[in-house]
file query-v9.txt (compact mmCIF, C-alpha atoms and all ligand atoms)
# COMPACT_ATOMS: atom_id res chain seq x y z
CA MET C 22 54.49 141.34 78.13
CA GLU C 23 54.69 145.03 77.31
CA GLN C 24 54.74 145.76 73.58
CA LEU C 25 56.15 148.86 71.88
CA LEU C 26 53.00 149.78 69.92
CA GLU C 27 50.39 148.13 72.15
CA ASP C 28 48.33 151.33 72.42
CA VAL C 29 48.19 151.85 68.65
CA ARG C 30 45.25 150.62 66.56
CA VAL C 31 45.74 150.29 62.80
CA LEU C 32 42.97 149.86 60.23
CA ASP C 33 44.61 147.80 57.54
CA LEU C 34 42.99 148.12 54.13
CA THR C 35 46.10 146.84 52.38
CA HIS C 36 45.59 143.90 50.08
CA VAL C 37 48.79 142.57 48.55
CA TRP C 38 52.50 142.30 49.48
CA TYR C 39 53.62 145.95 49.82
CA GLY C 40 50.88 147.15 52.19
CA PRO C 41 50.51 143.96 54.25
CA TRP C 42 54.29 143.92 54.80
CA CYS C 43 54.09 147.47 56.19
CA THR C 44 51.28 146.63 58.63
CA LEU C 45 53.00 143.34 59.57
CA MET C 46 55.93 145.38 60.93
CA LEU C 47 53.47 147.30 63.12
CA ALA C 48 51.61 144.14 64.20
CA GLU C 49 54.86 142.42 65.19
CA MET C 50 55.78 145.38 67.35
CA GLY C 51 52.46 145.01 69.16
CA ALA C 52 49.99 147.26 67.32
CA ASP C 53 46.37 146.10 67.18
CA VAL C 54 46.11 145.66 63.41
CA ILE C 55 42.61 145.08 62.04
CA LYS C 56 42.71 143.73 58.53
CA ILE C 57 39.65 144.81 56.55
CA GLU C 58 38.83 142.62 53.58
CA PRO C 59 36.03 142.73 51.04
CA PRO C 60 33.47 139.93 51.62
CA TRP C 61 35.06 137.95 48.76
CA GLY C 62 38.56 138.13 50.30
CA SER C 63 41.56 140.26 49.41
CA LEU C 64 43.87 139.81 46.44
CA GLY C 65 46.73 138.69 48.72
CA ARG C 66 44.88 135.48 49.68
CA LEU C 67 45.51 134.21 46.17
CA SER C 68 48.84 132.75 45.28
CA GLN C 69 51.26 135.01 43.45
CA ARG C 70 54.24 132.67 43.70
CA GLY C 71 54.11 129.01 44.58
CA PRO C 72 51.31 126.80 45.85
CA MET C 73 48.53 127.63 48.33
CA TYR C 74 48.19 125.90 51.71
CA GLY C 75 45.69 126.29 54.54
CA GLY C 76 43.41 128.13 52.12
CA ALA C 77 45.86 130.96 51.33
CA SER C 78 49.15 131.81 49.67
CA PRO C 79 52.45 131.49 51.59
CA THR C 80 52.73 135.27 51.31
CA PHE C 81 49.36 135.70 53.00
CA HIS C 82 50.38 133.40 55.86
CA HIS C 83 53.54 135.40 56.51
CA LEU C 84 52.35 138.97 55.91
CA ASN C 85 49.25 138.74 58.07
CA LEU C 86 50.62 137.22 61.28
CA ASN C 87 49.24 138.83 64.44
CA LYS C 88 46.37 140.57 62.61
CA LYS C 89 42.65 140.47 63.32
CA ASP C 90 40.31 140.17 60.35
CA ILE C 91 36.92 141.62 59.53
CA ALA C 92 35.29 141.22 56.11
CA PHE C 93 32.70 143.75 55.00
CA ASP C 94 31.49 145.49 51.86
CA MET C 95 32.59 149.08 51.94
CA LYS C 96 30.49 149.92 48.90
CA ASN C 97 27.43 149.21 51.06
CA GLU C 98 26.32 152.10 53.34
CA LYS C 99 26.21 149.80 56.39
CA GLY C 100 29.72 148.59 55.62
CA LYS C 101 30.96 152.14 55.27
CA LYS C 102 29.35 152.97 58.60
CA ILE C 103 31.30 150.11 60.24
CA PHE C 104 34.50 151.52 58.74
CA ASN C 105 33.81 155.05 59.95
CA GLN C 106 32.99 153.78 63.44
CA LEU C 107 36.30 151.93 63.48
CA VAL C 108 38.16 155.06 62.33
CA GLU C 109 36.88 156.91 65.40
CA LYS C 110 38.59 154.28 67.56
CA SER C 111 41.84 154.01 65.59
CA ASP C 112 45.14 155.81 65.20
CA VAL C 113 46.28 154.80 61.73
CA VAL C 114 44.70 153.86 58.38
CA VAL C 115 46.89 152.16 55.76
CA THR C 116 45.94 151.39 52.14
CA ASN C 117 47.69 150.18 49.01
CA PHE C 118 45.03 150.79 46.41
CA VAL C 119 45.50 152.87 43.27
CA PRO C 120 45.20 156.58 44.23
CA GLY C 121 41.56 157.62 43.89
CA THR C 122 40.08 154.28 45.07
CA MET C 123 39.68 155.44 48.68
CA GLU C 124 38.19 158.77 47.59
CA ARG C 125 35.65 156.93 45.38
CA LEU C 126 34.65 154.90 48.43
CA GLY C 127 34.19 158.20 50.31
CA ILE C 128 36.96 157.37 52.79
CA GLY C 129 39.89 159.45 51.51
CA TYR C 130 42.03 161.43 53.94
CA GLU C 131 39.80 164.52 53.78
CA ASP C 132 36.72 162.39 54.66
CA LEU C 133 38.44 160.57 57.52
CA LYS C 134 39.92 163.75 59.00
CA LYS C 135 36.36 164.94 59.62
CA ILE C 136 35.71 161.81 61.70
CA LYS C 137 39.09 161.66 63.45
CA PRO C 138 41.11 164.89 63.05
CA ASP C 139 44.38 163.36 64.30
CA ILE C 140 44.20 160.23 62.14
CA ILE C 141 47.43 159.15 60.47
CA TYR C 142 46.58 158.07 56.96
CA ALA C 143 49.24 156.21 54.98
CA ALA C 144 48.47 155.95 51.27
CA LEU C 145 50.84 153.43 49.70
CA SER C 146 50.81 153.27 45.92
CA GLY C 147 52.96 152.62 42.88
CA PHE C 148 53.63 156.23 41.95
CA GLY C 149 52.27 158.39 44.75
CA GLU C 150 49.38 160.82 45.01
CA THR C 151 50.78 163.37 42.54
CA GLY C 152 52.69 163.38 39.26
CA PRO C 153 51.98 162.14 35.75
CA TYR C 154 51.89 158.40 36.61
CA THR C 155 49.75 158.71 39.74
CA LYS C 156 46.70 156.75 38.51
CA ARG C 157 48.69 153.81 37.16
CA PRO C 158 48.40 150.40 38.84
CA SER C 159 51.71 148.88 39.84
CA TYR C 160 53.58 145.91 41.26
CA ALA C 161 57.10 145.56 42.68
CA MET C 162 58.66 144.76 39.30
CA ILE C 163 57.27 147.96 37.78
CA ALA C 164 59.07 150.16 40.30
CA GLU C 165 62.21 148.01 40.13
CA SER C 166 62.27 148.33 36.33
CA LEU C 167 61.69 152.09 36.28
CA ALA C 168 64.27 152.73 38.99
CA GLY C 169 66.97 150.87 37.01
CA PHE C 170 67.29 147.65 39.04
CA THR C 171 66.06 145.24 36.34
CA ARG C 172 68.56 146.51 33.78
CA GLN C 173 71.34 146.49 36.39
CA GLN C 174 70.47 142.94 37.37
CA GLY C 175 71.07 141.93 33.76
CA ASP C 176 74.27 144.01 33.64
CA ASN C 177 75.63 141.95 36.53
CA VAL C 178 75.41 138.87 34.31
CA ASP C 179 76.22 140.45 30.95
CA PRO C 180 76.04 144.19 30.17
CA ASP C 181 75.18 143.32 26.56
CA GLY C 182 72.56 140.71 27.49
CA PRO C 183 68.88 141.03 28.46
CA PRO C 184 67.56 142.58 31.72
CA TYR C 185 66.63 140.25 34.60
CA THR C 186 63.86 140.57 37.18
CA MET C 187 65.10 140.85 40.75
CA THR C 188 63.90 138.04 42.93
CA GLY C 189 62.17 138.68 46.26
CA ALA C 190 59.74 141.59 45.57
CA PHE C 191 62.03 144.23 47.04
CA GLY C 192 59.93 146.80 45.18
CA ASP C 193 57.25 145.94 47.76
CA LEU C 194 59.24 145.19 50.89
CA ALA C 195 61.51 148.24 50.71
CA PRO C 196 58.72 150.84 50.36
CA GLY C 197 56.58 148.85 52.83
CA THR C 198 59.33 149.13 55.43
CA MET C 199 59.75 152.85 54.70
CA ALA C 200 56.00 153.29 55.16
CA ALA C 201 56.09 151.54 58.56
CA MET C 202 58.96 153.77 59.63
CA ALA C 203 57.09 156.88 58.46
CA ILE C 204 53.94 155.83 60.34
CA ILE C 205 55.89 155.41 63.58
CA ALA C 206 57.53 158.83 63.09
CA ALA C 207 54.09 160.38 62.43
CA LEU C 208 52.74 158.75 65.61
CA ARG C 209 55.54 160.31 67.60
CA TYR C 210 54.74 163.71 66.05
CA ARG C 211 51.04 163.27 66.77
CA ASP C 212 51.77 162.38 70.38
CA LYS C 213 53.87 165.56 70.69
CA THR C 214 51.55 167.97 68.85
CA GLY C 215 48.13 166.32 68.63
CA LYS C 216 48.28 166.56 64.83
CA GLY C 217 47.67 163.69 62.42
CA GLN C 218 48.70 163.72 58.78
CA LYS C 219 48.67 162.00 55.41
CA ILE C 220 51.69 159.96 54.37
CA ASP C 221 52.14 159.43 50.63
CA VAL C 222 54.54 156.54 49.90
CA ALA C 223 55.34 155.66 46.29
CA GLN C 224 57.07 152.41 45.35
CA LEU C 225 58.94 154.24 42.60
CA ASP C 226 60.27 157.08 44.81
CA THR C 227 61.47 154.58 47.37
CA MET C 228 63.14 152.27 44.88
CA PHE C 229 64.83 155.27 43.24
CA ALA C 230 66.25 156.22 46.64
CA TYR C 231 67.10 152.58 47.46
CA ASN C 232 69.29 152.29 44.36
CA VAL C 233 71.73 154.25 46.49
CA ASN C 234 75.11 154.52 44.84
CA THR C 235 73.84 154.16 41.29
CA THR C 236 71.14 156.83 41.51
CA THR C 237 73.49 159.20 43.33
CA TYR C 238 76.18 158.58 40.71
CA PHE C 239 73.88 159.40 37.80
CA VAL C 240 72.18 162.42 39.37
CA SER C 241 75.69 163.81 39.79
CA GLY C 242 75.82 164.04 35.98
CA LYS C 243 77.71 160.88 34.93
CA ASP C 244 76.54 158.81 31.96
CA GLU C 245 76.03 155.06 31.42
CA ALA C 246 79.14 154.60 29.24
CA THR C 247 81.45 156.20 31.83
CA ARG C 248 79.86 154.09 34.54
CA ARG C 249 80.53 150.88 32.65
CA ILE C 250 84.22 151.73 32.26
CA GLU C 251 84.51 152.77 35.91
CA GLN C 252 82.52 149.78 37.10
CA ASP C 253 84.80 147.46 35.18
CA ALA C 254 87.89 149.01 36.73
CA PHE C 255 86.24 148.79 40.14
CA ARG C 256 85.49 145.10 39.66
CA LYS C 257 89.07 144.34 38.61
CA ASN C 258 90.92 146.51 41.11
CA ILE C 259 88.82 146.66 44.21
CA ILE C 260 86.58 143.61 44.29
CA ASN C 261 89.76 141.79 43.37
CA ILE C 262 89.53 138.34 44.98
CA GLY C 263 85.82 138.52 45.82
CA GLY C 264 82.66 137.37 44.08
CA ILE C 265 80.84 134.11 43.42
CA HIS C 266 83.37 131.26 43.41
CA PRO C 267 82.92 127.55 42.64
CA VAL C 268 83.77 124.95 45.29
CA LYS C 269 83.35 121.17 45.43
CA ASP C 270 79.60 121.13 46.20
CA GLY C 271 78.35 124.44 44.80
CA HIS C 272 79.39 128.06 45.22
CA ILE C 273 80.41 130.54 47.89
CA PHE C 274 80.24 134.34 47.99
CA LEU C 275 83.46 135.96 49.16
CA MET C 276 84.03 139.65 49.86
CA GLY C 277 87.64 140.83 49.84
CA PHE C 278 86.72 144.08 51.62
CA ARG C 279 88.49 143.85 54.93
CA ALA C 280 92.08 144.91 55.44
CA LYS C 281 92.67 142.68 58.49
CA GLY C 282 91.29 139.64 56.69
CA MET C 283 93.33 140.29 53.56
CA GLU C 284 96.54 140.57 55.61
CA LYS C 285 95.77 137.26 57.29
CA LEU C 286 95.11 135.61 53.92
CA LYS C 287 98.50 136.80 52.65
CA GLN C 288 100.15 135.24 55.71
CA VAL C 289 98.33 131.94 55.23
CA LEU C 290 99.29 131.80 51.56
CA ASP C 291 102.75 133.21 52.33
CA VAL C 292 102.57 135.79 49.53
CA ASP C 293 102.84 139.59 49.27
CA GLU C 294 99.82 139.91 46.97
CA VAL C 295 96.81 137.60 46.72
CA THR C 296 95.30 136.97 43.29
CA LYS C 297 91.86 135.60 42.44
CA GLU C 298 93.54 132.57 40.84
CA MET C 299 95.27 131.73 44.14
CA VAL C 300 91.94 131.91 45.96
CA LEU C 301 90.15 129.76 43.39
CA ASP C 302 92.91 127.17 43.61
CA LEU C 303 92.85 127.20 47.40
CA ILE C 304 89.13 126.46 47.64
CA LYS C 305 88.50 124.24 44.65
CA ASP C 306 88.51 121.02 46.70
CA MET C 307 86.70 122.46 49.71
CA THR C 308 82.97 122.13 50.38
CA ARG C 309 80.85 125.27 50.78
CA GLN C 310 80.93 124.79 54.53
CA GLU C 311 84.70 124.30 54.65
CA ALA C 312 85.38 127.32 52.45
CA SER C 313 83.06 129.64 54.36
CA ASP C 314 84.47 128.44 57.71
CA PHE C 315 88.00 128.96 56.38
CA PHE C 316 87.35 132.59 55.39
CA ALA C 317 85.36 133.26 58.55
CA ASP C 318 88.42 132.13 60.59
CA ILE C 319 90.64 134.44 58.58
CA GLY C 320 88.22 137.31 59.08
CA LEU C 321 86.94 137.80 55.54
CA PRO C 322 83.18 138.07 54.97
CA CYS C 323 82.07 134.91 53.19
CA SER C 324 78.97 132.77 52.87
CA MET C 325 77.81 129.52 51.36
CA ILE C 326 75.45 130.18 48.48
CA ASN C 327 72.34 128.47 49.79
CA TYR C 328 69.09 127.42 48.30
CA ALA C 329 66.34 129.21 50.25
CA SER C 330 65.21 125.76 51.46
CA GLU C 331 68.65 125.30 53.04
CA SER C 332 68.54 128.64 54.83
CA THR C 333 65.52 127.46 56.83
CA SER C 334 67.76 125.01 58.72
CA ASP C 335 70.76 127.31 59.08
CA PRO C 336 72.02 126.81 62.66
CA HIS C 337 72.62 130.52 63.21
CA LEU C 338 69.12 131.53 62.08
CA LEU C 339 67.65 128.79 64.26
CA ALA C 340 69.76 129.93 67.23
CA ARG C 341 68.44 133.47 66.70
CA GLY C 342 64.88 132.14 66.93
CA MET C 343 63.94 133.10 63.38
CA VAL C 344 61.73 130.03 62.89
CA ILE C 345 58.88 129.59 65.34
CA ASP C 346 56.13 127.06 66.04
CA MET C 347 52.60 128.17 65.23
CA ASN C 348 49.18 126.64 65.09
CA HIS C 349 46.67 127.50 62.38
CA PRO C 350 42.99 126.41 62.43
CA LEU C 351 43.26 124.83 58.96
CA LEU C 352 46.93 123.90 58.85
CA GLY C 353 47.39 122.61 62.40
CA ASP C 354 50.96 122.88 63.69
CA TYR C 355 53.33 124.59 61.30
CA LYS C 356 56.48 126.70 61.30
CA ALA C 357 56.44 130.45 60.73
CA VAL C 358 59.06 133.18 60.32
CA ASN C 359 59.69 135.32 63.39
CA PHE C 360 59.99 139.12 63.61
CA PRO C 361 63.63 139.79 62.71
CA ILE C 362 64.49 142.56 65.22
CA LYS C 363 65.46 142.00 68.86
CA PHE C 364 64.52 144.60 71.49
CA SER C 365 65.98 144.17 74.98
CA GLU C 366 62.95 145.56 76.84
CA THR C 367 59.97 145.10 74.53
CA PRO C 368 60.60 142.11 72.25
CA GLY C 369 58.51 141.81 69.11
CA VAL C 370 56.17 138.83 69.41
CA VAL C 371 54.43 136.65 66.85
CA HIS C 372 51.35 135.45 68.73
CA SER C 373 48.80 134.45 66.11
CA PRO C 374 48.67 133.04 62.57
CA ALA C 375 47.27 134.88 59.57
CA PRO C 376 43.51 135.20 60.15
CA LEU C 377 40.76 133.44 58.24
CA LEU C 378 38.37 135.61 56.24
CA GLY C 379 36.20 137.53 58.72
CA GLU C 380 37.54 135.48 61.63
CA HIS C 381 37.13 138.37 64.06
CA ASN C 382 33.87 139.86 62.74
CA GLU C 383 32.00 139.18 65.98
CA LEU C 384 34.84 140.23 68.26
CA ILE C 385 35.31 143.56 66.47
CA LEU C 386 31.64 144.37 65.92
CA LYS C 387 30.64 143.46 69.48
CA GLU C 388 33.60 144.41 71.62
CA TYR C 389 34.98 147.39 69.71
CA LEU C 390 31.74 148.81 68.32
CA GLY C 391 28.97 147.46 70.58
CA TYR C 392 26.83 145.74 67.88
CA SER C 393 24.24 143.27 69.16
CA ASP C 394 23.99 139.62 68.02
CA GLU C 395 20.79 140.49 66.10
CA GLU C 396 22.46 143.37 64.27
CA ILE C 397 25.40 141.13 63.35
CA GLN C 398 23.08 138.38 62.03
CA GLU C 399 21.31 140.98 59.90
CA LEU C 400 24.66 142.10 58.45
CA TYR C 401 25.45 138.47 57.50
CA LYS C 402 21.99 137.95 55.98
CA THR C 403 22.23 141.04 53.82
CA GLY C 404 25.76 140.19 52.64
CA VAL C 405 27.38 143.27 54.23
CA ILE C 406 29.77 141.09 56.22
CA SER C 407 31.07 137.61 55.46
CA GLN C 408 33.11 134.87 57.04
CA ARG C 409 34.91 131.74 55.90
CA LEU C 410 36.26 129.57 58.69
CA THR C 411 36.73 126.27 56.83
C1 LIG W 1 47.78 145.99 43.20
C2 LIG W 1 46.78 146.64 42.26
C3 LIG W 1 47.34 146.66 40.84
C4 LIG W 1 45.53 145.78 42.30
O1 LIG W 1 44.49 146.37 41.58
P1 LIG W 1 43.00 146.33 42.13
O2 LIG W 1 42.77 145.11 42.96
O3 LIG W 1 42.11 146.52 40.98
O4 LIG W 1 43.02 147.54 43.16
P2 LIG W 1 42.32 148.94 43.04
O5 LIG W 1 42.88 149.88 44.01
O6 LIG W 1 42.35 149.41 41.62
O7 LIG W 1 40.81 148.57 43.37
C5 LIG W 1 40.38 147.84 44.49
C6 LIG W 1 38.91 147.68 44.34
O8 LIG W 1 38.40 146.88 45.40
C7 LIG W 1 37.41 147.62 46.09
N1 LIG W 1 37.44 147.26 47.50
C8 LIG W 1 38.52 147.14 48.31
N2 LIG W 1 38.14 146.79 49.54
C9 LIG W 1 36.81 146.71 49.51
C10 LIG W 1 35.80 146.37 50.47
N3 LIG W 1 36.11 146.05 51.72
N4 LIG W 1 34.53 146.37 50.08
C11 LIG W 1 34.17 146.69 48.82
N5 LIG W 1 35.06 147.00 47.86
C12 LIG W 1 36.36 147.00 48.21
C13 LIG W 1 37.80 149.06 45.86
O9 LIG W 1 36.72 149.90 46.09
C14 LIG W 1 38.19 149.01 44.41
O10 LIG W 1 37.04 148.95 43.62
P3 LIG W 1 36.87 149.84 42.27
O11 LIG W 1 37.81 149.23 41.30
O12 LIG W 1 35.43 149.64 41.92
O13 LIG W 1 37.24 151.23 42.65
C15 LIG W 1 46.46 148.10 42.74
O14 LIG W 1 45.78 148.07 43.96
C16 LIG W 1 47.69 148.99 42.87
O15 LIG W 1 48.31 149.38 41.89
N6 LIG W 1 48.04 149.37 44.10
C17 LIG W 1 49.13 150.30 44.35
C18 LIG W 1 50.49 149.66 44.15
C19 LIG W 1 50.60 148.38 44.91
O16 LIG W 1 50.48 148.37 46.11
N7 LIG W 1 50.86 147.30 44.19
C20 LIG W 1 50.90 145.99 44.78
C21 LIG W 1 52.23 145.67 45.24
S1 LIG W 1 52.31 143.95 45.51
call {"tool": "encode", "arguments": {"input": "query-v9.txt", "output": "C-alpha cells", "more": "lines below"}}
Ligand SMILES: CC(C)(COP(=O)(O)OP(=O)(O)OC[C@H]1O[C@@H](n2cnc3c(N)ncnc32)[C@H](O)[C@@H]1OP(=O)(O)O)[C@@H](O)C(=O)NCCC(=O)NCCS
result
Amino acid sequence: MEQLLEDVRVLDLTHVWYGPWCTLMLAEMGADVIKIEPPWGSLGRLSQRGPMYGGASPTFHHLNLNKKDIAFDMKNEKGKKIFNQLVEKSDVVVTNFVPGTMERLGIGYEDLKKIKPDIIYAALSGFGETGPYTKRPSYAMIAESLAGFTRQQGDNVDPDGPPYTMTGAFGDLAPGTMAAMAIIAALRYRDKTGKGQKIDVAQLDTMFAYNVNTTTYFVSGKDEATRRIEQDAFRKNIINIGGIHPVKDGHIFLMGFRAKGMEKLKQVLDVDEVTKEMVLDLIKDMTRQEASDFFADIGLPCSMINYASESTSDPHLLARGMVIDMNHPLLGDYKAVNFPIKFSETPGVVHSPAPLLGEHNELILKEYLGYSDEEIQELYKTGVISQRLT
C-alpha cells in the first residue's frame, strides 16, 4: 500500500521519549526510519515508568514501532564512517542529545552538510541551540515546570498548595510532534527548492507556546493576582455546571460549554436556570456510564473518568482500530497502540514491533551500504557494531 513518506529515509539518533516520539510519527506515516543506537543500547530501552517486558520499557515498545535498528559506536572511526555513508543515502537526521554532543562526535549540521548539502537536520533539545540555558540537560518535567504548567497543575487543586507534576510527559510529546511537523514542512521546502536546513526545536519554547491562553494572557501584561481573581470569576460564572462530579461508581467530567445542550438540560429539568447543585443531585445515583450517556443524549460534552487500564477496552477506541495485534520476537503475540490519524488514501500503518538492539545491522550494512559478510564480521569482532537478539 502506498505510504505518505515512503520515499523519505530518516537517520534516528534520538534516544529517549521526546526524539523517538517525533521519529515514530514519521515511521507511522511510512518513512524508512533507521534507529542508530550505541553498542550498549540507548537510554530509552531502560524503564522510566513501570516495569520492563520483552527486554525493554513499555515506552520503548511504543515509540520505536516500524523502525529498523543498527547499533554501532560512533566514537570509533569505522562507526563514524558507517554513519556518514548512511547520511549520503538519507533525507533527514534527528537527534535529542544535549547541544554540542553531535558536534563533538564530528557529525553536527555543518559536518553533515558537506556530505549531503540538502540534508534536513532536526536538533531536538531541552533549551535549543542558542540562549543562556542551551547546554543544560533536560527532561519533560523541566520544560513543564519552567513554562508554568507544574505550578498551574497545583493551582487547579489548591492555589495555596504545592505544585504538581503533569502526568503523561507532554513536555516530550508536544515538542516531539512539533518537530515531526517541522521536518515534514522542511521536506516540502527541500522538494520545491533543493535546499535542506537545520531545525532547532526546544522543549521549553514549545511548552511556552503550548500553554496557550495562560502565556498569551501574561505576555499581554497581566499579573498573577489579577489572573487568580479573573480565573475564579470564570470558574463560577462560565464553567458553571461543569467539572469533575461524583457519581455512584466514581466520577465523570462534564463541560457545560454548549448552548444547545444547556437548553435541552433546562427542558429536561423543567427550569429556567440550571445550577451545579441540580446537576449533582440529578446524577448522584447514576453510574459513570449512565451519567455520560445521559449528557451525550442531551448534547453536552461529558466523559466517564477512566483509569488508563479501562480506556484500553473502550468500545469506541476499539472500533476506531486504536489497539492492534502485533508479534514481537521476545514477547510473542501482544497488543500495540495504532497510529492515531486516519488518511483516506494513504493510511498510516504499524507493520513491525520495536526492534531488538542491532536487529537490522546486516540488512542495513549489506543492502544499503554494500558491506561484505567478512567486513561485517570484522566490525562485530572489533566491537564497532553489536547485536542482541535474545
Ligand atoms: C536526555 C539527556 C538528559 C540524557 O543525557 P545523556 O544520555 O548524557 O545525553 P548526552 O547528549 O549528554 O550524551 C550522549 C552521549 O552518548 C554518546 N553516544 C550517543 N550515541 C552514540 C553512539 N552510537 N556511539 C557512541 N556514543 C554515542 C554521545 O556521544 C554522548 O557522549 P558524551 O557524553 O561523551 O558526549 C540529554 O540527552 C538531553 O538533555 N537531551 C535533550 C533534551 C531531551 O531530549 N531530554 C529527554 C526528553 S525525555
call {"tool": "closest_atom_pairs", "arguments": {"input": "query-v9.txt", "of": "chain C", "to": "ligand LIG 1 (chain W)", "cutoff": "6 Å", "atoms": "all atoms listed in the file", "output": "Markdown table"}}
result
| residue | atom | partner | partner_atom | distance |
| --- | --- | --- | --- | --- |
| C:Val37 | CA | W:LIG1 | S1 | 4.9 |
| C:Trp38 | CA | W:LIG1 | S1 | 4.3 |
| C:Tyr39 | CA | W:LIG1 | C21 | 4.8 |
| C:Glu58 | CA | W:LIG1 | N3 | 4.8 |
| C:Pro59 | CA | W:LIG1 | N3 | 3.4 |
| C:Phe93 | CA | W:LIG1 | N3 | 5.3 |
| C:Asp94 | CA | W:LIG1 | N4 | 3.6 |
| C:Met95 | CA | W:LIG1 | N4 | 3.8 |
| C:Lys96 | CA | W:LIG1 | C11 | 4.9 |
| C:Asn117 | CA | W:LIG1 | O16 | 4.4 |
| C:Phe118 | CA | W:LIG1 | O5 | 3.3 |
| C:Val119 | CA | W:LIG1 | O5 | 4.0 |
| C:Thr122 | CA | W:LIG1 | O13 | 4.8 |
| C:Leu126 | CA | W:LIG1 | O9 | 5.9 |
| C:Ser146 | CA | W:LIG1 | C17 | 3.8 |
| C:Gly147 | CA | W:LIG1 | C18 | 4.1 |
| C:Pro158 | CA | W:LIG1 | O15 | 3.2 |
| C:Ser159 | CA | W:LIG1 | O15 | 4.0 |
| C:Tyr160 | CA | W:LIG1 | C21 | 4.2 |
| C:Ala161 | CA | W:LIG1 | C21 | 5.5 |
| C:Asp193 | CA | W:LIG1 | C21 | 5.6 |
call {"tool": "residues_around", "arguments": {"input": "query-v9.txt", "residues": "Met343 in chain C", "least_positions_apart": "5", "cutoff": "10 Å", "atoms": "only C-alpha atoms", "output": "PyMOL selection string"}}
result
chain C and resi 333+335+337-338+357-362
call {"tool": "residues_near_point", "arguments": {"input": "query-v9.txt", "point": "(58.4, 144.1, 42.0)", "cutoff": "6 Å", "atoms": "only C-alpha atoms", "output": "PyMOL selection string"}}
result
chain C and resi 160-163+165+190+192
call {"tool": "atom_distance", "arguments": {"input": "query-v9.txt", "atom1": "CA of Leu145 in chain C", "atom2": "CA of Ala207 in chain C"}}
result
14.9 Å
call {"tool": "atom_distance", "arguments": {"input": "query-v9.txt", "atom1": "CA of Arg30 in chain C", "atom2": "CA of Val222 in chain C"}}
result
20.0 Å
call {"tool": "atom_distance", "arguments": {"input": "query-v9.txt", "atom1": "CA of Ala144 in chain C", "atom2": "CA of Thr35 in chain C"}}
result
9.5 Å
call {"tool": "residues_around", "arguments": {"input": "query-v9.txt", "residues": "Ile385 in chain C", "least_positions_apart": "2", "cutoff": "12 Å", "atoms": "only C-alpha atoms", "output": "PyMOL selection string"}}
result
chain C and resi 32+53-57+89-93+103-104+106-107+110+379-383+387-393+397+406
call {"tool": "residues_around", "arguments": {"input": "query-v9.txt", "residues": "range 307-311 of chain C", "least_positions_apart": "3", "cutoff": "12 Å", "atoms": "only C-alpha atoms", "output": "PyMOL selection string"}}
result
chain C and resi 265-275+300-304+314-318+323-327+335
call {"tool": "axis_aligned_box", "arguments": {"input": "query-v9.txt", "around": "range 169-178 of chain C", "padding_each_side": "6 Å", "output": "JSON"}}
result
{"center_x": 70.8, "center_y": 144.9, "center_z": 36.3, "size_x": 21.6, "size_y": 24.0, "size_z": 17.4}
call {"tool": "residues_around", "arguments": {"input": "query-v9.txt", "residues": "Glu23 in chain C", "least_positions_apart": "4", "cutoff": "12 Å", "atoms": "all atoms listed in the file", "output": "MDAnalysis selection string"}}
result
chainID C and resid 27:28 50:52 364:370
call {"tool": "closest_residue", "arguments": {"input": "query-v9.txt", "among": "C:Ala168, C:Lys135, C:Gly127, C:Gln218", "to": "Asp112 in chain C", "atoms": "all atoms listed in the file"}}
result
C:Gln218
call {"tool": "residues_near_point", "arguments": {"input": "query-v9.txt", "point": "(67.7, 137.1, 39.3)", "cutoff": "12 Å", "atoms": "only C-alpha atoms", "output": "list in words"}}
result
Met162, Phe170, Thr171, Arg172, Gln173, Gln174, Gly175, Asp176, Asn177, Val178, Pro183, Pro184, Tyr185, Thr186, Met187, Thr188, Gly189, Ala190 and Phe191 of chain C
call {"tool": "residues_around", "arguments": {"input": "query-v9.txt", "residues": "Leu377 in chain C", "least_positions_apart": "3", "cutoff": "12 Å", "atoms": "all atoms listed in the file", "output": "PyMOL selection string"}}
result
chain C and resi 56-58+60-63+66+75-77+81-82+85-92+349-352+373-374+380-382+407-411
